[in-house]
Each structure stands twice: as structure tokens, then as C-alpha cells.
Amino acid sequence: MNRQRYFFLFAFAISTMLLLQTWQREQSALMAKTMPPNVPSASSSTPVPAAAPGSSAKPGALPVSALSTVSVVAEKIRIETDLYVAYVSTLGGVLESVEFKQHRDSKDKSQPFHYLQNTAERMHVAQSGLIGQGLPNHTTLYRANVKTLTLGSGQSEVALTLTPVVTTVGATVERQWVFHRDSYVIDSVYNLQNQSALPWTASAYFQLERDNLPPAGQTRFVSSFFGVSVYNEIDKYKKISFEDILKQKASFNTHPASGWIGMVEHYFVAAWFANPSAHLGTPEFFAKAIDDKHFAAGMVVTQTVQPQQRARLSVPLYVGPQEQEKLAVIAPGLELTVDYGYFTIFAVPIFKFLKILHNLLGNWGWSILLMTLIIKGVFYPLNRTSAHSMAKMKLLGPRIEHLRSIHKEDAMRMQQEIMNLYKQEKVNPAGGCLPVLVQIPIFIALYWVLLSAVELRHAPWVGWIHDLSAADPYFVLPVLYGLSSFIQIRMNPKPNGPSGDPIEAAILQYLPLAFSFMFIFFPAGMLLYWILNNSLGILQQWHVNQSLVRKGLK
């Protein structure tokens with residue numbers, strides 16, 4: 001075995017990764033096109049499963065509504081904090097839009113990234129309501145206490161208060177959204193007062209509703225999971241596809257003591273948290289199809305309000321980027337929404353290492369280059385042994401060719417003589433393989449870090465590289481990679497393959513060119529790693545080659 005085989009192995013690994021991503025993307029597209037139109041599903045005005053606990057009250061315990069004669073036109077209330085601009089509709093009190101100030105649009109970087117939105121093209125909103133006849137839900141018309149709301153410099157939070165236009169006999173309901181400084185957590189609140197003579201078990205649903213269209217930025221080479229995610233003490237972290245929900249194959253713990261449930265897409269997540277400290281009943285998680293193109297996920301919670309008493313029913317909602325360190329603090333398992341695929345075991349430590357370097361250097365590009373130097377240093381003894389093996393193999397090339405020529409009619413004898421030569425010269429033909437094998441998981445893990453870590457989204461390096469998670473717009477880095485790989489192959493033993501096959505030799509010679517074309521679509525940050533890695537390998541191999549020539553091994 002020689003090092004050339006591992007160029008094929010490396011090519012196979014990259015091709016497999018790309019094929020897997022393409023398959024996932026095609027399956028998502030197929031699902032969106034082929035979902036049966038007549039699947040029974042709940043109406044958007046029936047936000048929870050019919051069998052949800054607490055969806056009906058004891059006779060006489062639930063207030064009855066009385067229509068108001070006041071008519072109000074639905075408005076959108078603008079709320080601005082230090083991190084985002086949000087819009088809440090007075091129709092249902094629905095959180096319809098969130099625009100992030102620190103994250104830019106995938107196509108037009110002059111515009112903020114719109115995560116939650118409700119337009120003719122896209123729907124992804126946060127809804128909630130009380131369950132029961134006459135009680136306000138996400139289709140109820142509200143009045144707002146303000147037209148706009150801004151978090152001032154001396155404020156830690158602001159609250160939007162909504163009151164139903166249709167009054168309820170026997171109860172007072174006040175709807176609130178509470179927005180906090182330096183936080184993507186928003187509290188969805190119901191302030192309740194039971195004006196009746198009987199206890200009232202108030203049940204409320206909190207859900208995210210969205211379409212099944214692929215998120216902005218999803219491409220052939222960037223295909224991350226989007227759908228429902230859930231975390232609890234039994235399931236731990238679980239991803240649920242829209243297809244499984246539609247086919248009623250979704251399986252997860254629906255009555256956890258704590259946890260969260262939400263919608264995940266590339267770089268961003270929205271999730272409702274079960275809050276065990278809020279003195280609420282055991283929540284019920286649900287995920288369902290509203291129709292063949294829209295899905296909902298959320299929870300139902302209950303709270304008993306005694307006669308003539310008040311109660312506050314509140315559930316936190318996270319709507320923001322997948323900033324891994326912050327997510328881990330907000331809720332257990334929330335950091336797992338960062339989709340590193342099958343290479344999480346490698347990608348997580350690589351990201352943490354990069355994060356430490358970024359804290360020192362302040363630039364993700366220089367951090368990647370410094371990480372490459374450190375990794376190369378750690379594996380220096382292994383790389384040095386590999387370089388010696390490759391140099392000796394190159395110097396032994398003419399003698400190996402001679403043995404092949406005189407024993408070309410007897411393949412077994414030829415292999416035996418070549419192995420004897422290796423043994424005589426103390427050369428390990430597999431000595432150059434291990435460093436390549438070690439680099440494959442690092443390479444693929446870095447690829448996933450660059451594609452999945454929102455911290456590197458739109459992160460610049462220098463000059464023309466304005467986004468390390470995107471491809472080089474002028475193809476400079478792919479060309480430099482191809483040149484470095486070509487030089488490496490020229491410095492290694494003549495690529496005649498293990499059996500001297502000239503076709504294999506030609507393929508090996510042109511692999512750098514093929515990789516250069518393929519890497520045109522890969523993140524610039526990954527190419528920075530690979531170019532520097534190749535360059536250091538070239539310097540080391542040149543030094544070893546010269547050393548062996550001076551020692552007279554010919």
C-alpha cells in the first residue's frame with residue numbers, strides 16, 4: 001500500500017459527504033412536492049390535539065364570553081430592542097416578524113436577516129391562546145397599549161400589553177409579550193383573573209407555525225436539517241422531520257417534566273421552554289400538520305386560578321441564532337440544535353478550539369490558520385516519519401521500476417522482490433498513509449463547523465474574503481489549493497499506482513485539478529486550512545528530501 005491510494009480514499013470521503021447532502025436536499029424537495037393533499041389535519045383555529053389534557057373545563061368552571069360592540073382594525077406593533085426589531089399583530093397577538101440587527105440577509109447583506117415572518121411567500125410565526133369556548137386565542141382581535149415600543153438605554157425590559165376586544169364574562173384576560181435587553185428570550189404571558197365562584201383550570205397553548213419550504217441559503221452544498229426539534233429528560237435531543245409528522249410517525253415524550261420544543265433551521269432556532277419553576281402543571285408537547293405545507297410544534301400548559309384570584313401564566317420563547325455557548329446556558333440541550341451531522345464528536349472540539357483562538361486574535365480567518373499550525377505541530381513526529389517514508393520511496397523509484405520490468409510476467413515474484421527491497425532499505429510503504437487518514441475527519445469536521453456555526457456566518461478574513469463560510473468569489477483560493485496539491489504529488493514517489501497501471505497514474509496526476517474545481521463551491525475558511533496544511537507539508541517534504549540526498553541514499 002502507498003500514499004497514492006489515500007488520495008482516492010480522500011476523494012471518496014468528500015464525494016460521499018456531498019452525495020449525502022445532495023440526497024437530503026432532494027428528499028426535502030420531494031417531500032414538499034409529493035405530500036398528499038387530503039391528509040386529515042387540525043385546523044389552524046384548533047391549535048392543539050383534541051385529546052390535549054385541560055382542553056375542556058369542568059361544567060360551570062369556564063367563563064362564558066360576551067360580544068363587544070367595539071370594532072378595531074388589526075395593527076402591527078413595532079418593538080425594537082438592542083438585538084432585533086419585532087412585530088406583533090393585534091390579530092391574535094401573534095409574533096409575526098423578528099429582524100436580527102447583528103445578522104444579515106443571506107443574499108443582501110445590507111438588509112437584516114428576517115427570521116420569523118408572515119408574508120405571501122413565507123410563514124414562520126409564534127402563536128398562543130387559551131383553550132375553551134369564548135377565551136382568546138391566536139385568532140382573537142386585541143387592543144394594544146402602545147403603537148410602538150423601544151427598549152431605552154436605561155431599561156432592562158419592555159412589555160407589550162394586549163387586551164381582547166371581545167370581553168369574557170367571569171374572567172379578565174391580559175396578553176403580554178415581554179422583551180429583554182441583550183437576550184433573544186421573549187416571555188409570552190397571560191395575566192388571568194378568575195371573577196367566578198368556582199376554581200378555573202386555565203389551559204394555554206404556545207406554538208410555532210411554519211411552512212415546509214427550505215430556509216434561505218439552503219443550497220446543494222449547504223443542506224442542514226430544518227424541522228421540529230425536541231429535548232427532554234427521556235428523549236434527550238431529537239430531530240423530527242415534517243414528513244414524519246405528516247405520516248404520523250413522529251415519536252417523542254409528550255409529557256416531560258421539563259425541556260423544550262421548537263423549529264430549527266440552518267443557523268437559527270425558535271423554541272418554547274417548559275418552565276418547572278412557574279408552578280404550572282405538567283406540559284404536553286405536540287407536533288402536528290396543519291395542512292400538507294404548514295406544521296406546528298409547541299406545548300400546552302395548565303394553571304389553576306382560584307375564585308376571585310389572579311395568576312400569571314408565562315412560557316419563555318427563544319428566537320435567535322445558534323450561538324453555541326449562549327444556548328448551553330439558556331437551556332440544557334439547546335446547543336445541540338447546531339447541526340454538525342455525523343461528525344459532531346470531531347466538530348464540537350474543533351469549534352471550541354477555534355473559539356479560544358478567536359478570543360485571542362479577533363478574526364476567524366487568522367484563527368483557522370493558527371489552528372492549522374498548531375495541528376501540524378501536534379502531528380509533527382507523525383508527519384516527519386511520513387515525509388521520510390515518502391522521500392525514500394521516491395528515491396527507490398528507479399529500482400522499483402527495474403524490478404517491475406524484469407518480473408512483469410510474474411506478478412507474485414515482482415511483489416516479493418519489491419517487498420524485499422523495502423525490507424532491505426528499511427522503508428515502510430504504508431508510512432505515508434496515516435497522516436492523510438488523520439486529516440480526513442479533521443477536514444470534514446471543519447467543513448461542518450464552517451457551514452453550521454453561526455459565529456462564522458458572514459465572518460470576514462482579509463481583502464476579498466468577506467465570508468469564510470461561503471465560497472471564494474474570485475476562485476483564488478481553489479487555484480492556490482490546486483497548485484499546492486500538484487506540487488505535493490510531484491514531490492512524492494512517481495504515481496504509478498500499486499501495480500504500475502498508467503491509467504491510475506494519470507488519474508492521480510490530475511486529482512489536484514479535479515479537487516480545485518470541486519472546491520470552488522466550498523467555504524473559503526476550509527480552503528485556508530487546506531492550503532496552509534499543504535504548504536507546510538511541502539516545506540517539510542522538501543527538507544526531508546534534501547536531507548536524504550545529502551546522506552547519499554540513492
# chains A, B, ... in the order shown; residues from 1 in each chain; ligands from 1
>>> residues_around(residues="range 328-336 of chain A", least_positions_apart="6", cutoff="7 Å", atoms="only C-alpha atoms", output="ChimeraX atom specification")
/A:231,237,322
>>> atom_distance(atom1="CA of Leu382 in chain A", atom2="CA of Lys352 in chain A")
24.3 Å
>>> select_by_dssp(residues="range 69-250 of chain A", states="strand (DSSP E)", output="ChimeraX atom specification")
/A:76-80,84-89,95-104,112-114,117-118,123-130,142-144,148-150,157-164,167-169,171-180,185-194,200-211,227-232,236-240
>>> atom_distance(atom1="CA of Phe522 in chain A", atom2="CA of Pro473 in chain A")
10.7 Å
>>> atom_distance(atom1="CA of Gly525 in chain A", atom2="CA of Ile442 in chain A")
13.3 Å
>>> select_by_dssp(residues="range 124-248 of chain A", states="helix (DSSP H, G or I)", output="JSON, numbers by chain")
{"A": [242, 243, 244, 245, 246]}
>>> residues_around(residues="Ala257 in chain A", least_positions_apart="5", cutoff="8 Å", atoms="only C-alpha atoms", output="list in words")
Asn232, Glu233, Ala274, Pro276, Thr282 and Pro283 of chain A
>>> write_last_selection(atoms="N, CA and C atoms", output="CSV table (one decimal), in the first residue's frame")
chain,number,residue,atom,x,y,z
A,232,ASN,N,-35.9,16.6,26.1
A,232,ASN,CA,-36.4,16.3,27.4
A,232,ASN,C,-35.5,15.3,28.1
A,233,GLU,N,-35.9,15.0,29.3
A,233,GLU,CA,-35.0,14.1,30.1
A,233,GLU,C,-35.0,12.7,29.6
A,274,ALA,N,-40.4,24.6,28.6
A,274,ALA,CA,-41.2,24.2,29.8
A,274,ALA,C,-40.5,24.7,31.0
A,276,PRO,N,-40.3,24.6,34.8
A,276,PRO,CA,-40.8,23.9,36.0
A,276,PRO,C,-40.9,24.8,37.2
A,282,THR,N,-47.9,19.8,34.5
A,282,THR,CA,-47.0,19.1,33.6
A,282,THR,C,-47.4,19.5,32.1
A,283,PRO,N,-46.4,20.0,31.4
A,283,PRO,CA,-46.7,20.4,30.0
A,283,PRO,C,-47.0,19.2,29.1
>>> closest_residue(among="A:Ile406, A:Ala204, A:Val427, A:Val230", to="Gly259 in chain A", atoms="only C-alpha atoms")
A:Val230
>>> residues_around(residues="Tyr184 in chain A", least_positions_apart="2", cutoff="7 Å", atoms="only C-alpha atoms", output="ChimeraX atom specification")
/A:186,318-320
>>> residues_around(residues="Glu455 in chain A", least_positions_apart="2", cutoff="10 Å", atoms="only C-alpha atoms", output="list of chain:residue names")
A:His103, A:Tyr267, A:Pro321, A:Gln322, A:Glu323, A:Gln324, A:Phe351, A:Lys355, A:Trp364, A:Val449, A:Leu450, A:Ser452, A:Ala453, A:Arg457, A:His458, A:Ala459, A:Ser469
>>> write_last_selection(atoms="C-alpha atoms", output="PDB file, in the first residue's frame")
ATOM      1  CA  HIS A 103     -27.124  39.045  11.373  1.00  0.00           C
ATOM      2  CA  TYR A 267     -28.052  28.875  11.860  1.00  0.00           C
ATOM      3  CA  PRO A 321     -29.109  32.491  16.331  1.00  0.00           C
ATOM      4  CA  GLN A 322     -27.495  29.200  17.320  1.00  0.00           C
ATOM      5  CA  GLU A 323     -24.700  30.776  19.357  1.00  0.00           C
ATOM      6  CA  GLN A 324     -23.428  27.613  20.976  1.00  0.00           C
ATOM      7  CA  PHE A 351     -15.186  24.782  17.188  1.00  0.00           C
ATOM      8  CA  LYS A 355     -13.378  29.959  19.626  1.00  0.00           C
ATOM      9  CA  TRP A 364     -11.850  33.773  12.400  1.00  0.00           C
ATOM     10  CA  VAL A 449     -18.098  23.888  11.579  1.00  0.00           C
ATOM     11  CA  LEU A 450     -17.782  26.430   8.774  1.00  0.00           C
ATOM     12  CA  SER A 452     -23.081  25.218  10.731  1.00  0.00           C
ATOM     13  CA  ALA A 453     -21.553  27.657  13.239  1.00  0.00           C
ATOM     14  CA  ARG A 457     -21.573  33.193   9.139  1.00  0.00           C
ATOM     15  CA  HIS A 458     -20.526  36.270   7.115  1.00  0.00           C
ATOM     16  CA  ALA A 459     -17.226  36.374   9.061  1.00  0.00           C
ATOM     17  CA  SER A 469     -18.476  30.253   5.396  1.00  0.00           C
TER      18      SER A 469
END
